[in-house]
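Undergrad: There's a structure below that I have some questions on.
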Amino acid sequence: MKTEDLKNIKDYKYGFTTDVENIRSPKGLSEETIRFISNIKKEPSWMLDWRLKAFNRLKVLKEPDWQKPKYPKINYQDLYYYSAPKSASAKPKSLDEIDPKILETYKKLGIPLDEQKRLNGIAVDAVFDSVSVATTFKDELTKKGIIFCSISEAIQKYPDLVKKYLGSVIPLSDHYFATLNSAVFTDGSFVYIPPNTRCPMELSTYFRINASETGQFERTLIIADKGSYVSYLEGCTAPMRDENQLHAANVELVALDDAEIKYSTVQNWYPGDENGVGGIYNFVTKRGACRGKNSKISWTQVETGSAITWKYPSCILQGDNSVGEFYSIAITNNHQKADTGTKMIHLGKNTKSKIISKGISAGKADNMYRGLVEIKNKASNSRNYTQCDSLLMGNKCGAHTIPYIKNNNSTSTIEHEATTTKINEEQLYYCNQRGLDQEEAVSLIVNGFCKEVLQQLPMEFAVEAQKLVAISLEGSVG
Amino acid sequence: MLNIKNLEAKVDNKHILNGLNLDIKPGEVHAIMGPNGSGKSTLANVLSGKNGYETKGEIKYDGQNLSELSTEERAQKGIFLAFQYPLEIPGVNTNVFLRTSLNSLRKARGEKELDTLSFLKIVKEKSSELGIDEKFLSRQLNVGFSGGEKKKNEILQMKILQPKLSILDETDSGLDIDALRIVADGVNSYKNKENAFLIITHYQRLLDYIKPDFIHVLSKGKIVKTGNANLGVELEKTGYANFI
């Protein structure tokens with residue numbers, strides 16, 4: 001990567017705000033707010049009932065506090081739960097009707113919504129604050145029977161699918177943030193791949209928080225019907241603000257018999273400044289159910305942004321012979337904190353799971369891998385392999401690994417390997433002696449450390465992610 | 001090319017080099033021999049700009065004061081160190097490392113970066129000269145390499161990066177006779193009127209293959225004796241005792 005490129009992005013380059021007029025819900029969390037959201041989305045009554053049920057449940061739930069990164073108490077009455085650009089309130093029918101300012105925002109972010117100038121073979125759904133503003137390539141996908149639209153649209157057009165699967169992986173009463181999301185979720189993506197269909201392109205959602213004092217609560221639901229395949233990517237950015245913003249998304253994946261879902265995330269929410277002021281609280285619930293036999297769900301995440309990342313993309317391996325995978329790179333620099341990992345719950349016979357986690361910590365940051373591998377008593381001949389590697393840069397950062405391992409079946413095997421290393425002065429010297437400067441050397445070594453995970457990403461994303469890895473760690477050595 | 005005057009070096013308050021003088025001209029091959037702890041590797045490290053040394057005296061390289069240059073700037077200006085213990089970098093292919101390195105040097109010289117194809121052509125040519133299997137290049141840098149492979153890889157890097165001053169820090173130690181010959185052939189085939197070598201070694205046997213113009217005996221951080229190629233043969237017979 002060239003030095004001028006690095007300079008351009010040295011300061012979080014996605015930190016700009018877009019000046020658009022917004023429609024907002026009343027401030028605070030209340031039945032009124034929920035009715036407002038449901039009403040503005042013209043939702044059917046079953047959806048409103050579902051939300052209210054979640055809200056009632058929320059009243060008795062407590063915010064969890066067992067995580068390592070502590071944060072000041074969030075005042076839920078001080079947040080806006082819905083914010084949408086005014087121009088999107090009547091859903092634009094074509095790209096021409098989208099507010100040019102929003103199109104410009106996505107252009108600046110490098111996400112072309114214009115199908116003519118599209119990224120090759122990637123269909124994009126763009127979510128701006130609380131609403132989906134554009135979904136590209138719909139027609140081409142529709143021909144194959146693939147549904148790729150905003151969840152709001154899916155609630156209107158495909159209520160049977162939504163009713164059947166929404167909340168089937170993350171139930172209403174799951175835990176505080178997930179239940180909060182169920183009550184107030186605003187938008188997100190919906191994907192349905194019909195039986196025996198291979199989705200011909202990468203599907204991608206791009207999330208952008210723009211408005212201030214706003215939480216983002218998106219909801220994504222992906223269903224891969226029997227024998228189908230889909231690869232889905234998500235990217236995220238937010239403006240620089242000195243307040244902390246809450247992002248509490250729910251993502252549910254369902255893979256039926258012989259289906260495969262590959263879900264990749266490159267998370268680059270605003271991490272806060274060098275002194276730890278501002279940044280996104282990324283409290284996300286992601287869970288996939290390998291419901292059918294021989295199904296497979298693979299999570300890949302590159303987490304470089306956010307003040308606090310707190311998430312465990314998980315797989316419930318219900319179907320016999322199903323496979324769950326989790327590949328993760330979590331980078332924390334300055335005052336960033338991450339408590340992330342996965343859960344692999346083996347229920348079916350001959351189920352397999354694999355966890356590769358790479359944590360990199362620099363500055364005064366704290367990086368925690370926390371994971372659960374549980375093999376239930378009926379899951380005979382199941383296997384898990386876990387590898388957790390931590391890389392430390394400097395003397396003020398921390399890396400922690402907490403694996404929870406429960407094996408209730410004597411025919412099943414769990415393997416766990418973990419390493420912690422410090423970036424090695426000798427390696428840097430070796431690279432310097434070959435003409436690489438400090439930044440290039442760090443980038444090379446760190447990308448080498450992350451290679452097994454980067455390889456899992458689709459090509460276009462892998463290149464971006466590599467650059468992001470280098471940028472996130474800039475100035476952390478020397 | 002290289003003029004060292006009265007070089008002193010300290011690490012953790014321990015004096016290692018104590019007034020070392022050395023002049024190297026283009027086209028010359030210098031060998032430095034000396035017992036353990038005499039300061040041979042320190043000299044190599046100070047020349048290449050490793051951190052942690054407190055130095056006094058003067059090192060001029062092509063008329064420029066070397067102490068003003070960072071490690072990578074020295075490399076970019078043509079100083080190459082073949083490491084005694086080449087480092088492992090997991091996850092980074094040898095090819096990728098070599099290309100990154102070559103392109104950093106080219107960039108610093110204001111040349112265009114090489115694309116993959118032209119790079120691979122160069123690598124292919126140089127590795128076949130050294131009898132290195134190409135498969136070796138797609139392995140992670142030095143990870144799981146044998147001692148001999150690591151050293152051969154250093155020589156390959158030298159031939160690809162084309163330095164002006166090559167410093168070989170005990171490249172011969174731990175090599176069997178075949179690997180030794182390959183390393184020596186690598187050096188001999190690269191040697192020309194423009195570039196120079198500083199070869200640090202314990203043993204005469206490498207110098208059977210690479211004919212040095214000068215041999216220096218280093219003791220307690222100073223050069224105590226300088227001679228021609230015959231000095232090495234003498235040392236092999238009598239040991240260092242006569243000189244220190």
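To be explicit about the labels: the chains of the structure tokens are called A, B, and onward in the order shown, and within each one the residues are counted from 1, while ligands get numbers from 1 in the order they are shown.
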Any idea which chain A residues end up within 6 Å of chain B if we count only C-alpha atoms, as a list of chain:residue names please?

TA: A:Gln427, A:Asn432, A:Gln433, A:Arg434, A:Gly435, A:Leu436, A:Asp437, A:Gly448, A:Phe449, A:Lys451

Undergrad: What are the closest atom pairs, with distances in Å to one decimal, for all residues of region 307-359 of chain A lying within 12 Å of region 243-254 of chain A? Consider only C-alpha atoms, order rows by chain and residue number, and present the result as a tab-separated table.

TA:
residue	atom	partner	partner_atom	distance
A:Ala307	CA	A:Asn244	CA	8.0
A:Ile308	CA	A:Asn244	CA	9.7
A:Thr309	CA	A:His247	CA	9.8
A:Trp310	CA	A:Ala248	CA	9.8
A:Lys311	CA	A:Ala248	CA	9.8
A:Tyr312	CA	A:Val251	CA	11.1
A:Pro313	CA	A:Val251	CA	8.8
A:Ser314	CA	A:Glu252	CA	9.8
A:Cys315	CA	A:Leu253	CA	9.0
A:Ile316	CA	A:Val254	CA	9.7
A:Leu317	CA	A:Val254	CA	10.7
A:Gln318	CA	A:Val254	CA	10.8
A:Gly319	CA	A:Val254	CA	11.3
A:Gly324	CA	A:Leu253	CA	11.8

Undergrad: Please produce a file of those selected residues containing N, CA and C atoms, as a compact mmCIF listing (two decimals), in the first residue's frame.

TA:
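selection-v4.txt written:
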# COMPACT_ATOMS: atom_id res chain seq x y z
N ALA A 307 -15.51 0.91 19.56
CA ALA A 307 -14.85 1.13 20.84
C ALA A 307 -14.87 -0.19 21.61
N ILE A 308 -16.05 -0.83 21.61
CA ILE A 308 -16.17 -2.14 22.24
C ILE A 308 -16.85 -3.10 21.27
N THR A 309 -16.23 -4.23 21.05
CA THR A 309 -16.86 -5.28 20.25
C THR A 309 -17.19 -6.42 21.20
N TRP A 310 -18.45 -6.81 21.16
CA TRP A 310 -18.90 -7.83 22.10
C TRP A 310 -19.84 -8.74 21.34
N LYS A 311 -19.35 -9.83 20.81
CA LYS A 311 -20.19 -10.67 19.96
C LYS A 311 -19.61 -12.07 19.80
N TYR A 312 -20.49 -13.00 19.60
CA TYR A 312 -20.09 -14.42 19.48
C TYR A 312 -20.90 -15.09 18.37
N PRO A 313 -20.52 -14.88 17.11
CA PRO A 313 -21.25 -15.55 16.03
C PRO A 313 -21.19 -17.07 16.25
N SER A 314 -22.34 -17.69 16.28
CA SER A 314 -22.42 -19.08 16.75
C SER A 314 -23.09 -20.00 15.75
N CYS A 315 -22.86 -21.29 15.94
CA CYS A 315 -23.53 -22.28 15.11
C CYS A 315 -24.19 -23.32 15.99
N ILE A 316 -25.44 -23.60 15.66
CA ILE A 316 -26.13 -24.70 16.32
C ILE A 316 -26.19 -25.84 15.32
N LEU A 317 -25.44 -26.89 15.60
CA LEU A 317 -25.31 -27.97 14.63
C LEU A 317 -26.35 -29.04 14.93
N GLN A 318 -27.57 -28.80 14.40
CA GLN A 318 -28.68 -29.71 14.68
C GLN A 318 -28.67 -30.92 13.75
N GLY A 319 -28.47 -30.64 12.45
CA GLY A 319 -28.54 -31.72 11.46
C GLY A 319 -27.34 -32.64 11.58
N GLY A 324 -19.91 -26.46 11.24
CA GLY A 324 -19.87 -25.05 11.61
C GLY A 324 -18.43 -24.57 11.62

Undergrad: How far is it from CA of Glu325 (chain A) to CA of Ser138 (chain B), in Å with one decimal?

TA: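 Between these atoms lies a distance of 26.4 Å.
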
Undergrad: Kindly give the distance, in Å, that separates CA of Asn268 (chain A) and CA of Arg219 (chain A), rounded to a single decimal.

TA: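 Distance between the two atoms: 18.2 Å.
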
Undergrad: Hey, can you check how far CA of Thr33 (chain A) sits from CA of Ala178 (chain A)?

TA: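 Separating CA of Thr33 (chain A) from CA of Ala178 (chain A) is a distance of 17.4 Å.
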
Undergrad: What lies within 10 Å of Leu120 (chain B) using only C-alpha atoms, ignoring chain neighbours under 5 positions off, as a list of chain:residue names?

TA: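 Near Leu120 (chain B), the qualifying residues are B:Asn95, B:Arg99, B:Leu114, B:Asp115, B:Glu125, B:Lys126.
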
Undergrad: Could you write out that same residue set with N, CA and C atoms as a short mmCIF file (atom, residue, chain, number, x, y, z; two decimals), in the first residue's frame?

TA:
data_model
loop_
_atom_site.label_atom_id
_atom_site.label_comp_id
_atom_site.auth_asym_id
_atom_site.auth_seq_id
_atom_site.Cartn_x
_atom_site.Cartn_y
_atom_site.Cartn_z
N ASN B 95 8.18 -16.06 -1.57
CA ASN B 95 7.97 -15.24 -2.76
C ASN B 95 7.45 -13.85 -2.46
N ARG B 99 9.36 -10.32 -3.01
CA ARG B 99 8.83 -9.30 -3.91
C ARG B 99 8.63 -7.98 -3.17
N LEU B 114 7.87 -3.96 -9.63
CA LEU B 114 7.76 -5.05 -10.58
C LEU B 114 6.41 -5.75 -10.44
N ASP B 115 5.80 -6.11 -11.57
CA ASP B 115 4.58 -6.90 -11.47
C ASP B 115 4.96 -8.35 -11.20
N GLU B 125 15.02 -17.51 -12.56
CA GLU B 125 16.38 -17.50 -13.08
C GLU B 125 17.39 -17.65 -11.93
N LYS B 126 17.21 -16.81 -10.90
CA LYS B 126 18.19 -16.81 -9.82
C LYS B 126 18.14 -18.10 -9.01
#

Undergrad: Within 7 Å of Ile215 (chain B), counting only C-alpha atoms, which residues qualify if same-chain residues fewer than 5 places away don't, as a ChimeraX atom specification?

TA: /B:30-32,226-229,231-232

Undergrad: If you keep C-alpha atoms, can you produce a file of those selected residues as a CSV table (one decimal), in the first residue's frame?

TA:
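Written output follows (part.csv):
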chain,number,residue,atom,x,y,z
B,30,HIS,CA,37.2,-9.0,2.7
B,31,ALA,CA,37.1,-11.8,5.2
B,32,ILE,CA,36.9,-11.3,8.9
B,226,THR,CA,45.5,-8.1,8.1
B,227,GLY,CA,46.9,-10.3,5.3
B,228,ASN,CA,46.1,-12.0,2.0
B,229,ALA,CA,44.4,-15.3,1.4
B,231,LEU,CA,46.7,-15.8,6.3
B,232,GLY,CA,43.6,-18.0,6.5

Undergrad: Choose the residue, out of B:Gln204, B:Arg109, B:Gly34, B:Glu68, that has the smallest atom-to-atom separation from Asn242 (chain B); count only C-alpha atoms.

TA: B:Gly34

Undergrad: Within 8 Å of region 21-26 of chain B, counting only C-alpha atoms, which residues qualify if same-chain residues fewer than 3 places away don't, as a PDB file with N, CA and C atoms, in the first residue's frame?

TA:
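So out.pdb came out as:
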ATOM      1  N   MET B   1      34.310   2.538  -0.894  1.00  0.00           N
ATOM      2  CA  MET B   1      32.874   2.272  -0.686  1.00  0.00           C
ATOM      3  C   MET B   1      32.533   2.357   0.807  1.00  0.00           C
ATOM      4  N   LEU B   2      33.329   1.645   1.606  1.00  0.00           N
ATOM      5  CA  LEU B   2      33.084   1.668   3.053  1.00  0.00           C
ATOM      6  C   LEU B   2      34.379   2.056   3.777  1.00  0.00           C
ATOM      7  N   ASN B   3      34.277   3.087   4.607  1.00  0.00           N
ATOM      8  CA  ASN B   3      35.442   3.498   5.394  1.00  0.00           C
ATOM      9  C   ASN B   3      35.054   3.573   6.862  1.00  0.00           C
ATOM     10  N   ILE B   4      35.654   2.706   7.634  1.00  0.00           N
ATOM     11  CA  ILE B   4      35.358   2.689   9.066  1.00  0.00           C
ATOM     12  C   ILE B   4      36.578   3.221   9.811  1.00  0.00           C
ATOM     13  N   LYS B   5      36.340   4.239  10.646  1.00  0.00           N
ATOM     14  CA  LYS B   5      37.453   4.822  11.399  1.00  0.00           C
ATOM     15  C   LYS B   5      37.153   4.771  12.883  1.00  0.00           C
ATOM     16  N   ASN B   6      38.020   4.123  13.614  1.00  0.00           N
ATOM     17  CA  ASN B   6      37.944   4.166  15.065  1.00  0.00           C
ATOM     18  C   ASN B   6      36.585   3.799  15.632  1.00  0.00           C
ATOM     19  N   LEU B   7      35.995   2.780  15.072  1.00  0.00           N
ATOM     20  CA  LEU B   7      34.633   2.426  15.471  1.00  0.00           C
ATOM     21  C   LEU B   7      34.617   1.749  16.842  1.00  0.00           C
ATOM     22  N   HIS B  30      36.514  -9.051   1.415  1.00  0.00           N
ATOM     23  CA  HIS B  30      37.212  -9.049   2.696  1.00  0.00           C
ATOM     24  C   HIS B  30      36.647 -10.151   3.574  1.00  0.00           C
ATOM     25  N   LYS B 193      33.044  -6.090 -10.436  1.00  0.00           N
ATOM     26  CA  LYS B 193      33.921  -4.962 -10.125  1.00  0.00           C
ATOM     27  C   LYS B 193      33.230  -3.902  -9.277  1.00  0.00           C
ATOM     28  N   GLU B 194      31.900  -3.900  -9.333  1.00  0.00           N
ATOM     29  CA  GLU B 194      31.158  -2.832  -8.670  1.00  0.00           C
ATOM     30  C   GLU B 194      30.821  -3.121  -7.202  1.00  0.00           C
ATOM     31  N   ASN B 195      30.665  -4.399  -6.900  1.00  0.00           N
ATOM     32  CA  ASN B 195      30.196  -4.700  -5.551  1.00  0.00           C
ATOM     33  C   ASN B 195      31.307  -5.280  -4.672  1.00  0.00           C
ATOM     34  N   ALA B 196      31.025  -5.299  -3.384  1.00  0.00           N
ATOM     35  CA  ALA B 196      32.050  -5.770  -2.456  1.00  0.00           C
ATOM     36  C   ALA B 196      31.438  -6.717  -1.429  1.00  0.00           C
ATOM     37  N   LYS B 222      38.963  -5.287  17.816  1.00  0.00           N
ATOM     38  CA  LYS B 222      39.928  -4.557  16.995  1.00  0.00           C
ATOM     39  C   LYS B 222      40.473  -5.491  15.942  1.00  0.00           C
ATOM     40  N   ILE B 223      40.904  -4.917  14.797  1.00  0.00           N
ATOM     41  CA  ILE B 223      41.594  -5.752  13.818  1.00  0.00           C
ATOM     42  C   ILE B 223      43.062  -5.794  14.211  1.00  0.00           C
TER      43      ILE B 223
END

Undergrad: Measuring between only C-alpha atoms, which one of B:Val233, B:Met33, B:Val123, B:Leu165 shows the shortest distance to Leu198 (chain B)?

TA: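 Using only C-alpha atoms, the shortest distance to Leu198 (chain B) belongs to B:Leu165.
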
Undergrad: Give the alpha helix (DSSP H) residues of region 55-223 of chain B, as DSSP finds them on the backbone, and put them as number ranges by chain.

TA: B: 71-76, 94-108, 116-129, 147-161, 177-190, 205-209

Undergrad: What lies within 6 Å of region 346-357 of chain A using only C-alpha atoms, ignoring chain neighbours under 3 positions off, as a list in words?

TA: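 So the residues in contact are Leu317, Gln318, Gly319, Asp320, Asn321, Ser322, Val323, Gly324, Glu325, Phe326, Tyr327, Ser328, Ile375, Lys376, Ala379, Ser380, Asn381, Ser382, Arg383, Asn384, Tyr385, Thr386, Gln387 and Cys388 of chain A.
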
Undergrad: Generate a file of the selected residues that holds C-alpha atoms, formatted as a CSV table (one decimal), in the first residue's frame.

TA:
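Final file, selection00.csv:
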chain,number,residue,atom,x,y,z
A,317,LEU,CA,-25.3,-28.0,14.6
A,318,GLN,CA,-28.7,-29.7,14.7
A,319,GLY,CA,-28.5,-31.7,11.5
A,320,ASP,CA,-26.5,-34.9,11.3
A,321,ASN,CA,-23.1,-34.3,9.5
A,322,SER,CA,-23.5,-30.6,9.7
A,323,VAL,CA,-20.5,-28.3,9.8
A,324,GLY,CA,-19.9,-25.0,11.6
A,325,GLU,CA,-16.9,-22.8,11.1
A,326,PHE,CA,-15.7,-19.6,12.7
A,327,TYR,CA,-12.8,-17.6,11.4
A,328,SER,CA,-12.0,-14.4,13.2
A,375,ILE,CA,-21.0,-31.5,22.4
A,376,LYS,CA,-24.3,-32.8,23.6
A,379,ALA,CA,-23.8,-35.9,19.1
A,380,SER,CA,-21.7,-39.0,18.6
A,381,ASN,CA,-18.5,-39.0,16.5
A,382,SER,CA,-18.4,-35.2,16.5
A,383,ARG,CA,-15.3,-33.2,16.4
A,384,ASN,CA,-14.1,-29.7,17.2
A,385,TYR,CA,-10.8,-28.1,16.4
A,386,THR,CA,-10.0,-24.8,18.0
A,387,GLN,CA,-7.0,-22.6,17.5
A,388,CYS,CA,-6.6,-19.3,19.2

Undergrad: Pick out the residues sitting within 9 Å of Leu58 (chain A), and hand them over as a PyMOL selection string; count only C-alpha atoms, and ignore anything fewer than 5 positions along from it in its own chain.

TA: chain A and resi 53+173+175-177+179-180+183
